[in-house]
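Heads up, the thing below is written out as structure tokens.
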Amino acid sequence: MIFSRDSKAKGRTRETLKRELINHPWNLTLPRAAALQSELASHVRLTPLKEPSVIVAGADIAESAGQVFAAVVVMDSSSGKVIEISRSHAFARFSAIAGYLAFRHGPIILKAIHQLDHTPELFFFAGHGVCHPRFLGLAAHLGLRMDRASIGCSSERLVGHYDLPGPKRGDHTVVRFSPQAPGAVLRTQPGINPLFVSPGHKIDLMGAISETLRLSTKFRFPEPLRRAHIEAGRYMREFRDNARITEPKKQSPR
DNA sequence: GCGACAG
DNA sequence: ATCTTGTCGC
């Protein structure tokens with residue numbers, strides 16, 4: 001237990017301690033972050049999704065010069081319409097180390113999510129779910145924190161070995177790593193590189209695959225994630241343009 | 001020392 | 001992830 005040596009832990013109920021564990025601070029040392037991931041991973045539940053989610057969200061990041069720009073796009077999957085967008089930015093307080101992205105992006109994404117008026121049933125995150133060295137990628141971490149269903153979608157492998165899936169939309173293979181860390185390589189569009197999909201929290205691999213497929217009918221990434229990616233980039237660019245007008249130090253080279 | 005390494 | 005114009009293609 002990470003916080004068991006804390007004298008303040010005396011007299012707390014089991015549930016209270018669990019909440020404190022899940023609502024941990026983000027500015028940890030690398031070894032403490034790793035230990036926390038391992039402990040939190042035991043609380044992740046890869047349970048089947050009851051039914052396809054209606055209100056879904058995608059969260060992605062753009063960054064420049066140490067600043068992280070997060071965008072969350074909420075969509076009504078029955079109509080395919082965007083119903084809300086939230087953004088947040090801050091200087092990164094954790095290094096960009098593979099396996100620890102949640103500590104760099106997590107707090108900023110969460111701030112944007114907390115600003116939402118809507119309550120999405122399912123979140124897509126740019127990164128991995130439980131297919132992670134310590135079974136707790138960003139999507140699993142944030143899903144657990146919010147106690148909401150979540151899926152990780154990445155364009156690159158983090159752990160394990162795999163064979164490429166067939167060429168048809170929906171073709172997929174499974175990542176060989178650990179039974180505790182299911183993941184798939186999923187072809188969402190013919191002729192387009194596959195996606196690495198893994199369940200985050202409150203969903204299983206089958207659900208992660210079917211929901212990702214259901215929401216990516218035209219592009220490589222599921223629509224909420226694709227929109228969030230575009231929105232984060234736009235947010236970052238707006239911020240840059242404002243800074244350039246206010247502070248005209250940097251001019252483009254001839 | 002060398003290769004691996006989400007965004 | 002970002003640095004970056006025009007350009008090829010549906």
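Residue numbers start at 1 in each chain; chains themselves are named A, B, ... in the order of the structure tokens; ligands are numbered from 1 in the order shown.
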Taking a cut-off of 7 Å and counting only C-alpha atoms (C1' of nucleotides), can you build a table that, for each residue of chain A near chain B, reports the nearest atom pair and how far apart they are in Å (one decimal), sorted by chain then residue number, as a tab-separated table?
```
residue	atom	partner	partner_atom	distance
A:Ala98	CA	B:DC5	C1'	5.6
A:Gly99	CA	B:DA6	C1'	6.8
A:Leu101	CA	B:DG7	C1'	6.8
A:Gly127	CA	B:DA6	C1'	4.9
A:His128	CA	B:DA6	C1'	6.0
A:Ser154	CA	B:DA6	C1'	6.6
A:Glu156	CA	B:DA6	C1'	6.6
A:Leu158	CA	B:DA6	C1'	5.7
```
Would you please extract all strand (DSSP E or B) residues from segment 20-248 of chain A, as assigned by DSSP on the backbone, and give them as JSON, numbers by chain?
-> {"A": [55, 56, 57, 58, 59, 60, 61, 62, 63, 64, 67, 68, 69, 70, 71, 72, 73, 74, 75, 76, 81, 82, 83, 84, 85, 86, 87, 88, 89, 90, 91, 122, 123, 124, 125, 126, 149, 150, 151, 152, 153, 154, 161, 172, 173, 174, 176, 184, 185, 186, 195, 196, 197, 198, 199, 200, 201]}
Hey, could you make a per-residue contact list for chain A against chain C with 8 Å as the cut-off, showing the nearest pair of atoms and its distance in Å to one decimal, counting only C-alpha atoms (C1' of nucleotides), sorted by chain and number, as a Markdown table?
```
| residue | atom | partner | partner_atom | distance |
| --- | --- | --- | --- | --- |
| A:Ala62 | CA | C:DA1 | C1' | 6.8 |
| A:Glu63 | CA | C:DA1 | C1' | 6.3 |
| A:Ser64 | CA | C:DT2 | C1' | 6.7 |
```
Taking C-alpha atoms for each residue, export the selection above as a compact mmCIF listing (two decimals), in the first residue's frame.
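As written to disk, again-v4.txt reads:
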```txt
# COMPACT_ATOMS: atom_id res chain seq x y z
CA ALA A 62 -1.23 18.51 -28.45
CA GLU A 63 1.92 19.94 -27.01
CA SER A 64 4.56 22.50 -27.74
```
All alpha helix (DSSP H) residues (DSSP, backbone) inside segment 98-230 of chain A, as a compact mmCIF listing (two decimals) with all heavy atoms, in the first residue's frame:
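So the final result, stored in selection02.txt, reads:
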```txt
# COMPACT_ATOMS: atom_id res chain seq x y z
N LEU A 101 2.71 8.10 -19.39
CA LEU A 101 2.04 9.25 -20.01
C LEU A 101 0.91 9.81 -19.17
O LEU A 101 0.63 11.01 -19.21
CB LEU A 101 1.49 8.86 -21.39
CG LEU A 101 2.48 8.93 -22.54
CD1 LEU A 101 1.74 8.87 -23.85
CD2 LEU A 101 3.30 10.20 -22.46
N ALA A 102 0.27 8.97 -18.38
CA ALA A 102 -0.86 9.44 -17.56
C ALA A 102 -0.40 10.53 -16.59
O ALA A 102 -1.16 11.45 -16.28
CB ALA A 102 -1.48 8.29 -16.80
N PHE A 103 0.84 10.45 -16.13
CA PHE A 103 1.33 11.42 -15.17
C PHE A 103 1.64 12.77 -15.83
O PHE A 103 1.64 13.80 -15.17
CB PHE A 103 2.57 10.89 -14.44
CG PHE A 103 2.24 9.70 -13.57
CD1 PHE A 103 2.32 8.41 -14.08
CD2 PHE A 103 1.79 9.89 -12.28
CE1 PHE A 103 1.98 7.32 -13.29
CE2 PHE A 103 1.44 8.81 -11.49
CZ PHE A 103 1.53 7.52 -12.00
N ARG A 104 1.88 12.73 -17.13
CA ARG A 104 2.13 13.97 -17.86
C ARG A 104 0.83 14.60 -18.36
O ARG A 104 0.61 15.79 -18.23
CB ARG A 104 3.07 13.68 -19.04
CG ARG A 104 3.49 14.93 -19.83
CD ARG A 104 4.42 14.53 -20.98
NE ARG A 104 4.85 15.66 -21.78
CZ ARG A 104 5.90 16.42 -21.48
NH1 ARG A 104 6.59 16.18 -20.40
NH2 ARG A 104 6.25 17.43 -22.26
N HIS A 105 -0.02 13.76 -18.94
CA HIS A 105 -1.24 14.27 -19.57
C HIS A 105 -2.48 14.20 -18.68
O HIS A 105 -3.41 14.98 -18.85
CB HIS A 105 -1.52 13.49 -20.86
CG HIS A 105 -0.47 13.68 -21.91
ND1 HIS A 105 -0.39 12.90 -23.04
CD2 HIS A 105 0.54 14.58 -22.00
CE1 HIS A 105 0.63 13.30 -23.77
NE2 HIS A 105 1.21 14.31 -23.17
N GLY A 106 -2.49 13.23 -17.77
CA GLY A 106 -3.67 12.96 -16.97
C GLY A 106 -4.29 14.16 -16.27
O GLY A 106 -5.49 14.42 -16.44
N PRO A 107 -3.51 14.89 -15.47
CA PRO A 107 -4.12 15.99 -14.72
C PRO A 107 -4.75 17.06 -15.61
O PRO A 107 -5.75 17.66 -15.26
CB PRO A 107 -2.95 16.55 -13.90
CG PRO A 107 -1.71 15.96 -14.47
CD PRO A 107 -2.10 14.68 -15.14
N ILE A 108 -4.16 17.28 -16.78
CA ILE A 108 -4.66 18.32 -17.68
C ILE A 108 -5.92 17.85 -18.40
O ILE A 108 -6.88 18.60 -18.57
CB ILE A 108 -3.54 18.74 -18.65
CG1 ILE A 108 -2.35 19.26 -17.83
CG2 ILE A 108 -4.03 19.82 -19.62
CD1 ILE A 108 -1.05 19.30 -18.56
N ILE A 109 -5.93 16.57 -18.78
CA ILE A 109 -7.12 15.99 -19.40
C ILE A 109 -8.27 16.00 -18.40
O ILE A 109 -9.41 16.35 -18.73
CB ILE A 109 -6.85 14.55 -19.87
CG1 ILE A 109 -5.85 14.55 -21.03
CG2 ILE A 109 -8.15 13.86 -20.29
CD1 ILE A 109 -5.40 13.14 -21.44
N LEU A 110 -7.98 15.63 -17.16
CA LEU A 110 -9.02 15.57 -16.13
C LEU A 110 -9.64 16.94 -15.88
O LEU A 110 -10.85 17.05 -15.67
CB LEU A 110 -8.45 15.02 -14.83
CG LEU A 110 -8.23 13.51 -14.79
CD1 LEU A 110 -7.58 13.10 -13.48
CD2 LEU A 110 -9.56 12.77 -14.97
N LYS A 111 -8.82 17.97 -15.93
CA LYS A 111 -9.36 19.31 -15.72
C LYS A 111 -10.38 19.65 -16.80
O LYS A 111 -11.46 20.18 -16.51
CB LYS A 111 -8.24 20.36 -15.70
CG LYS A 111 -8.75 21.73 -15.31
CD LYS A 111 -7.64 22.77 -15.30
CE LYS A 111 -8.24 24.15 -15.01
NZ LYS A 111 -7.23 25.22 -15.25
N ALA A 112 -10.04 19.32 -18.03
CA ALA A 112 -10.98 19.57 -19.14
C ALA A 112 -12.25 18.75 -18.96
O ALA A 112 -13.36 19.23 -19.22
CB ALA A 112 -10.31 19.25 -20.47
N ILE A 113 -12.11 17.51 -18.53
CA ILE A 113 -13.28 16.64 -18.33
C ILE A 113 -14.17 17.18 -17.21
O ILE A 113 -15.40 17.17 -17.32
CB ILE A 113 -12.83 15.20 -18.02
CG1 ILE A 113 -12.20 14.57 -19.28
CG2 ILE A 113 -14.00 14.35 -17.53
CD1 ILE A 113 -11.63 13.17 -19.05
N HIS A 114 -13.56 17.68 -16.16
CA HIS A 114 -14.35 18.18 -15.02
C HIS A 114 -15.14 19.44 -15.38
O HIS A 114 -16.11 19.78 -14.71
CB HIS A 114 -13.42 18.46 -13.83
CG HIS A 114 -12.94 17.21 -13.17
ND1 HIS A 114 -11.70 17.10 -12.59
CD2 HIS A 114 -13.52 16.00 -13.04
CE1 HIS A 114 -11.55 15.88 -12.10
NE2 HIS A 114 -12.63 15.19 -12.37
N LEU A 138 -2.73 5.02 -19.69
CA LEU A 138 -3.49 6.24 -19.43
C LEU A 138 -5.00 6.02 -19.41
O LEU A 138 -5.71 6.51 -18.53
CB LEU A 138 -3.11 7.31 -20.46
CG LEU A 138 -3.76 8.68 -20.32
CD1 LEU A 138 -2.78 9.76 -20.73
CD2 LEU A 138 -5.02 8.78 -21.18
N ALA A 139 -5.51 5.26 -20.38
CA ALA A 139 -6.96 5.04 -20.47
C ALA A 139 -7.49 4.26 -19.27
O ALA A 139 -8.58 4.54 -18.77
CB ALA A 139 -7.30 4.32 -21.77
N ALA A 140 -6.71 3.29 -18.80
CA ALA A 140 -7.13 2.51 -17.63
C ALA A 140 -7.05 3.39 -16.38
O ALA A 140 -7.94 3.36 -15.53
CB ALA A 140 -6.23 1.29 -17.47
N HIS A 141 -6.00 4.15 -16.29
CA HIS A 141 -5.76 5.03 -15.14
C HIS A 141 -6.89 6.06 -14.98
O HIS A 141 -7.47 6.21 -13.91
CB HIS A 141 -4.43 5.74 -15.33
CG HIS A 141 -3.82 6.28 -14.08
ND1 HIS A 141 -2.46 6.35 -13.88
CD2 HIS A 141 -4.39 6.80 -12.97
CE1 HIS A 141 -2.22 6.88 -12.68
NE2 HIS A 141 -3.38 7.16 -12.11
N LEU A 142 -7.21 6.75 -16.08
CA LEU A 142 -8.24 7.79 -16.00
C LEU A 142 -9.64 7.19 -15.88
O LEU A 142 -10.51 7.76 -15.22
CB LEU A 142 -8.14 8.72 -17.22
CG LEU A 142 -6.81 9.48 -17.33
CD1 LEU A 142 -6.90 10.54 -18.43
CD2 LEU A 142 -6.44 10.13 -16.01
N GLY A 143 -9.87 6.04 -16.50
CA GLY A 143 -11.16 5.38 -16.37
C GLY A 143 -11.41 4.99 -14.92
O GLY A 143 -12.49 5.19 -14.37
N LEU A 144 -10.38 4.44 -14.28
CA LEU A 144 -10.48 4.05 -12.88
C LEU A 144 -10.71 5.27 -12.00
O LEU A 144 -11.56 5.26 -11.10
CB LEU A 144 -9.18 3.35 -12.45
CG LEU A 144 -9.11 2.90 -11.00
CD1 LEU A 144 -10.11 1.81 -10.71
CD2 LEU A 144 -7.69 2.42 -10.66
N ARG A 145 -10.00 6.32 -12.27
CA ARG A 145 -10.12 7.54 -11.47
C ARG A 145 -11.54 8.11 -11.52
O ARG A 145 -12.08 8.57 -10.53
CB ARG A 145 -9.13 8.58 -12.00
CG ARG A 145 -9.16 9.88 -11.21
CD ARG A 145 -7.77 10.39 -10.99
NE ARG A 145 -7.76 11.62 -10.21
CZ ARG A 145 -6.76 11.94 -9.40
NH1 ARG A 145 -5.75 11.13 -9.27
NH2 ARG A 145 -6.77 13.06 -8.74
N MET A 146 -12.14 8.05 -12.71
CA MET A 146 -13.49 8.61 -12.89
C MET A 146 -14.58 7.57 -12.66
O MET A 146 -15.76 7.90 -12.71
CB MET A 146 -13.64 9.20 -14.28
CG MET A 146 -12.62 10.29 -14.60
SD MET A 146 -12.90 11.01 -16.22
CE MET A 146 -12.63 9.60 -17.28
N LEU A 205 -12.14 -6.62 -23.71
CA LEU A 205 -11.49 -6.45 -25.01
C LEU A 205 -12.51 -6.46 -26.15
O LEU A 205 -12.42 -5.65 -27.07
CB LEU A 205 -10.45 -7.56 -25.23
CG LEU A 205 -9.69 -7.48 -26.56
CD1 LEU A 205 -8.91 -6.17 -26.66
CD2 LEU A 205 -8.75 -8.66 -26.72
N MET A 206 -13.45 -7.39 -26.07
CA MET A 206 -14.48 -7.45 -27.12
C MET A 206 -15.25 -6.14 -27.24
O MET A 206 -15.49 -5.64 -28.33
CB MET A 206 -15.48 -8.58 -26.82
CG MET A 206 -15.01 -9.93 -27.27
SD MET A 206 -16.44 -11.03 -27.46
CE MET A 206 -17.52 -10.03 -28.48
N GLY A 207 -15.61 -5.59 -26.07
CA GLY A 207 -16.34 -4.32 -26.06
C GLY A 207 -15.48 -3.19 -26.61
O GLY A 207 -15.97 -2.33 -27.35
N ALA A 208 -14.21 -3.20 -26.25
CA ALA A 208 -13.31 -2.14 -26.72
C ALA A 208 -13.20 -2.19 -28.25
O ALA A 208 -13.21 -1.16 -28.93
CB ALA A 208 -11.93 -2.30 -26.09
N ILE A 209 -13.10 -3.41 -28.77
CA ILE A 209 -13.01 -3.57 -30.23
C ILE A 209 -14.31 -3.14 -30.91
O ILE A 209 -14.29 -2.37 -31.88
CB ILE A 209 -12.68 -5.03 -30.59
CG1 ILE A 209 -11.25 -5.37 -30.15
CG2 ILE A 209 -12.84 -5.27 -32.08
CD1 ILE A 209 -10.88 -6.84 -30.32
N SER A 210 -15.44 -3.61 -30.40
CA SER A 210 -16.70 -3.31 -31.07
C SER A 210 -17.06 -1.83 -30.98
O SER A 210 -17.56 -1.24 -31.93
CB SER A 210 -17.84 -4.18 -30.53
OG SER A 210 -18.00 -3.97 -29.16
N GLU A 211 -16.78 -1.21 -29.84
CA GLU A 211 -17.08 0.22 -29.70
C GLU A 211 -16.15 1.06 -30.57
O GLU A 211 -16.56 2.06 -31.16
CB GLU A 211 -16.97 0.66 -28.23
CG GLU A 211 -18.11 0.18 -27.37
CD GLU A 211 -19.45 0.78 -27.79
OE1 GLU A 211 -19.80 1.87 -27.34
OE2 GLU A 211 -20.14 0.13 -28.61
N THR A 212 -14.90 0.65 -30.65
CA THR A 212 -13.96 1.38 -31.50
C THR A 212 -14.38 1.26 -32.96
O THR A 212 -14.39 2.26 -33.70
CB THR A 212 -12.53 0.82 -31.33
OG1 THR A 212 -12.11 1.00 -29.98
CG2 THR A 212 -11.54 1.54 -32.26
N LEU A 213 -14.78 0.08 -33.35
CA LEU A 213 -15.23 -0.13 -34.74
C LEU A 213 -16.50 0.66 -35.03
O LEU A 213 -16.62 1.30 -36.08
CB LEU A 213 -15.50 -1.61 -34.99
CG LEU A 213 -14.41 -2.43 -35.64
CD1 LEU A 213 -14.90 -3.85 -35.87
CD2 LEU A 213 -13.96 -1.80 -36.96
N ARG A 214 -17.42 0.60 -34.09
CA ARG A 214 -18.71 1.27 -34.27
C ARG A 214 -18.52 2.77 -34.49
O ARG A 214 -19.25 3.40 -35.25
CB ARG A 214 -19.59 1.04 -33.04
CG ARG A 214 -20.98 1.64 -33.12
CD ARG A 214 -21.84 1.18 -31.95
NE ARG A 214 -21.46 1.75 -30.67
CZ ARG A 214 -21.89 2.93 -30.20
NH1 ARG A 214 -22.72 3.65 -30.92
NH2 ARG A 214 -21.50 3.37 -29.03
N GLU A 223 -14.37 8.49 -34.09
CA GLU A 223 -14.71 9.89 -34.32
C GLU A 223 -14.47 10.84 -33.13
O GLU A 223 -13.90 11.92 -33.33
CB GLU A 223 -16.16 9.97 -34.79
CG GLU A 223 -16.51 11.25 -35.52
CD GLU A 223 -15.64 11.51 -36.76
OE1 GLU A 223 -14.98 10.59 -37.25
OE2 GLU A 223 -15.62 12.67 -37.20
N PRO A 224 -14.86 10.49 -31.91
CA PRO A 224 -14.61 11.42 -30.80
C PRO A 224 -13.12 11.71 -30.61
O PRO A 224 -12.73 12.85 -30.33
CB PRO A 224 -15.18 10.68 -29.59
CG PRO A 224 -16.17 9.72 -30.15
CD PRO A 224 -15.59 9.29 -31.47
N LEU A 225 -12.30 10.69 -30.82
CA LEU A 225 -10.86 10.85 -30.66
C LEU A 225 -10.27 11.66 -31.83
O LEU A 225 -9.39 12.49 -31.64
CB LEU A 225 -10.21 9.47 -30.59
CG LEU A 225 -8.97 9.28 -29.72
CD1 LEU A 225 -9.07 10.05 -28.42
CD2 LEU A 225 -8.76 7.80 -29.46
N ARG A 226 -10.76 11.42 -33.00
CA ARG A 226 -10.30 12.16 -34.17
C ARG A 226 -10.63 13.65 -34.01
O ARG A 226 -9.80 14.52 -34.27
CB ARG A 226 -10.95 11.61 -35.44
CG ARG A 226 -10.39 12.16 -36.73
CD ARG A 226 -11.11 11.63 -37.95
NE ARG A 226 -12.41 12.27 -38.15
CZ ARG A 226 -12.59 13.40 -38.85
NH1 ARG A 226 -11.56 14.00 -39.40
NH2 ARG A 226 -13.79 13.90 -38.97
N ARG A 227 -11.84 13.94 -33.55
CA ARG A 227 -12.26 15.33 -33.35
C ARG A 227 -11.44 15.97 -32.23
O ARG A 227 -11.08 17.15 -32.31
CB ARG A 227 -13.75 15.41 -32.99
CG ARG A 227 -14.68 14.72 -33.96
CD ARG A 227 -14.78 15.39 -35.28
NE ARG A 227 -15.74 16.44 -35.43
CZ ARG A 227 -16.89 16.34 -36.09
NH1 ARG A 227 -17.32 15.17 -36.51
NH2 ARG A 227 -17.62 17.39 -36.32
N ALA A 228 -11.17 15.21 -31.18
CA ALA A 228 -10.40 15.74 -30.05
C ALA A 228 -8.97 16.07 -30.50
O ALA A 228 -8.38 17.06 -30.07
CB ALA A 228 -10.37 14.74 -28.91
N HIS A 229 -8.45 15.24 -31.39
CA HIS A 229 -7.10 15.46 -31.91
C HIS A 229 -7.03 16.77 -32.69
O HIS A 229 -6.12 17.58 -32.50
CB HIS A 229 -6.71 14.29 -32.82
CG HIS A 229 -5.31 14.37 -33.34
ND1 HIS A 229 -4.22 14.03 -32.57
CD2 HIS A 229 -4.83 14.77 -34.54
CE1 HIS A 229 -3.12 14.22 -33.28
NE2 HIS A 229 -3.47 14.67 -34.48
N ILE A 230 -8.01 16.96 -33.54
CA ILE A 230 -8.07 18.20 -34.33
C ILE A 230 -8.26 19.41 -33.41
O ILE A 230 -7.60 20.44 -33.56
CB ILE A 230 -9.23 18.12 -35.34
CG1 ILE A 230 -8.94 17.04 -36.39
CG2 ILE A 230 -9.47 19.47 -36.00
CD1 ILE A 230 -10.11 16.70 -37.29
```
Atom-to-atom span, atom CA of Phe91 of chain A and atom CA of Leu136 of chain A, Å =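 Atom-to-atom, atom CA of Phe91 of chain A to atom CA of Leu136 of chain A, that is 23.4 Å.
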Expressed in Å to a single decimal, how great is the separation between atom CA of Arg93 of chain A and atom CA of Ile61 of chain A?
->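 Rounded to one decimal, the two atoms are 14.6 Å apart.
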Coordinates-based distance that separates atom CA of Asp117 of chain A from atom CA of Ala90 of chain A (Å, one decimal) =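 Distance between the two atoms: 21.2 Å.
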May I have the residues within 12 Å of Cys131 of chain A as a ChimeraX atom specification, using only C-alpha atoms (C1' of nucleotides) and disregarding those fewer than 3 positions away in the same chain?
-> /A:41,46,99,127-128,134-141,151-154,156-161,174-185,196-201,204-205 /B:6
Just C-alpha atoms (C1' of nucleotides) for this one: save the residues we selected as an mmCIF file, in the first residue's frame.
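What ended up in selection_37.cif:
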```
data_model
loop_
_atom_site.group_PDB
_atom_site.id
_atom_site.type_symbol
_atom_site.label_atom_id
_atom_site.label_comp_id
_atom_site.auth_asym_id
_atom_site.auth_seq_id
_atom_site.Cartn_x
_atom_site.Cartn_y
_atom_site.Cartn_z
ATOM 1 C CA ALA A 41 -4.076 -1.901 -11.669
ATOM 2 C CA LEU A 46 -12.554 -5.511 -17.318
ATOM 3 C CA GLY A 99 4.794 3.942 -19.750
ATOM 4 C CA GLY A 127 -2.865 5.953 -25.555
ATOM 5 C CA HIS A 128 -3.160 2.455 -24.180
ATOM 6 C CA ARG A 134 2.287 -2.529 -15.315
ATOM 7 C CA PHE A 135 -1.257 -3.047 -16.652
ATOM 8 C CA LEU A 136 -2.296 0.578 -16.239
ATOM 9 C CA GLY A 137 -1.997 2.753 -19.340
ATOM 10 C CA LEU A 138 -3.491 6.240 -19.428
ATOM 11 C CA ALA A 139 -6.956 5.044 -20.470
ATOM 12 C CA ALA A 140 -7.125 2.510 -17.632
ATOM 13 C CA HIS A 141 -5.763 5.030 -15.143
ATOM 14 C CA ILE A 151 -10.831 2.570 -24.060
ATOM 15 C CA GLY A 152 -7.250 3.229 -25.124
ATOM 16 C CA CYS A 153 -6.534 3.761 -28.845
ATOM 17 C CA SER A 154 -2.964 4.175 -29.995
ATOM 18 C CA GLU A 156 1.872 2.513 -31.844
ATOM 19 C CA ARG A 157 2.704 -0.555 -29.815
ATOM 20 C CA LEU A 158 3.820 -0.188 -26.210
ATOM 21 C CA VAL A 159 4.304 -3.770 -25.071
ATOM 22 C CA GLY A 160 3.978 -7.313 -26.414
ATOM 23 C CA HIS A 161 4.270 -8.908 -29.819
ATOM 24 C CA VAL A 174 -4.407 -9.987 -30.321
ATOM 25 C CA VAL A 175 -1.291 -8.636 -28.674
ATOM 26 C CA ARG A 176 0.778 -11.328 -26.962
ATOM 27 C CA PHE A 177 1.904 -10.011 -23.594
ATOM 28 C CA SER A 178 -0.096 -11.024 -20.546
ATOM 29 C CA PRO A 179 -3.603 -12.338 -19.937
ATOM 30 C CA GLN A 180 -3.978 -9.458 -17.494
ATOM 31 C CA ALA A 181 -3.230 -6.973 -20.287
ATOM 32 C CA PRO A 182 -5.472 -7.777 -23.248
ATOM 33 C CA GLY A 183 -5.029 -5.714 -26.375
ATOM 34 C CA ALA A 184 -5.773 -5.953 -30.076
ATOM 35 C CA VAL A 185 -4.400 -4.684 -33.361
ATOM 36 C CA PHE A 196 -3.776 -0.627 -31.084
ATOM 37 C CA VAL A 197 -6.874 -0.978 -28.951
ATOM 38 C CA SER A 198 -7.081 -2.048 -25.338
ATOM 39 C CA PRO A 199 -9.749 -1.840 -22.663
ATOM 40 C CA GLY A 200 -9.256 0.775 -19.966
ATOM 41 C CA HIS A 201 -11.840 0.253 -17.232
ATOM 42 C CA ASP A 204 -13.583 -5.890 -21.899
ATOM 43 C CA LEU A 205 -11.490 -6.453 -25.008
ATOM 44 C "C1'" DA B 6 1.963 5.228 -25.799
#
```
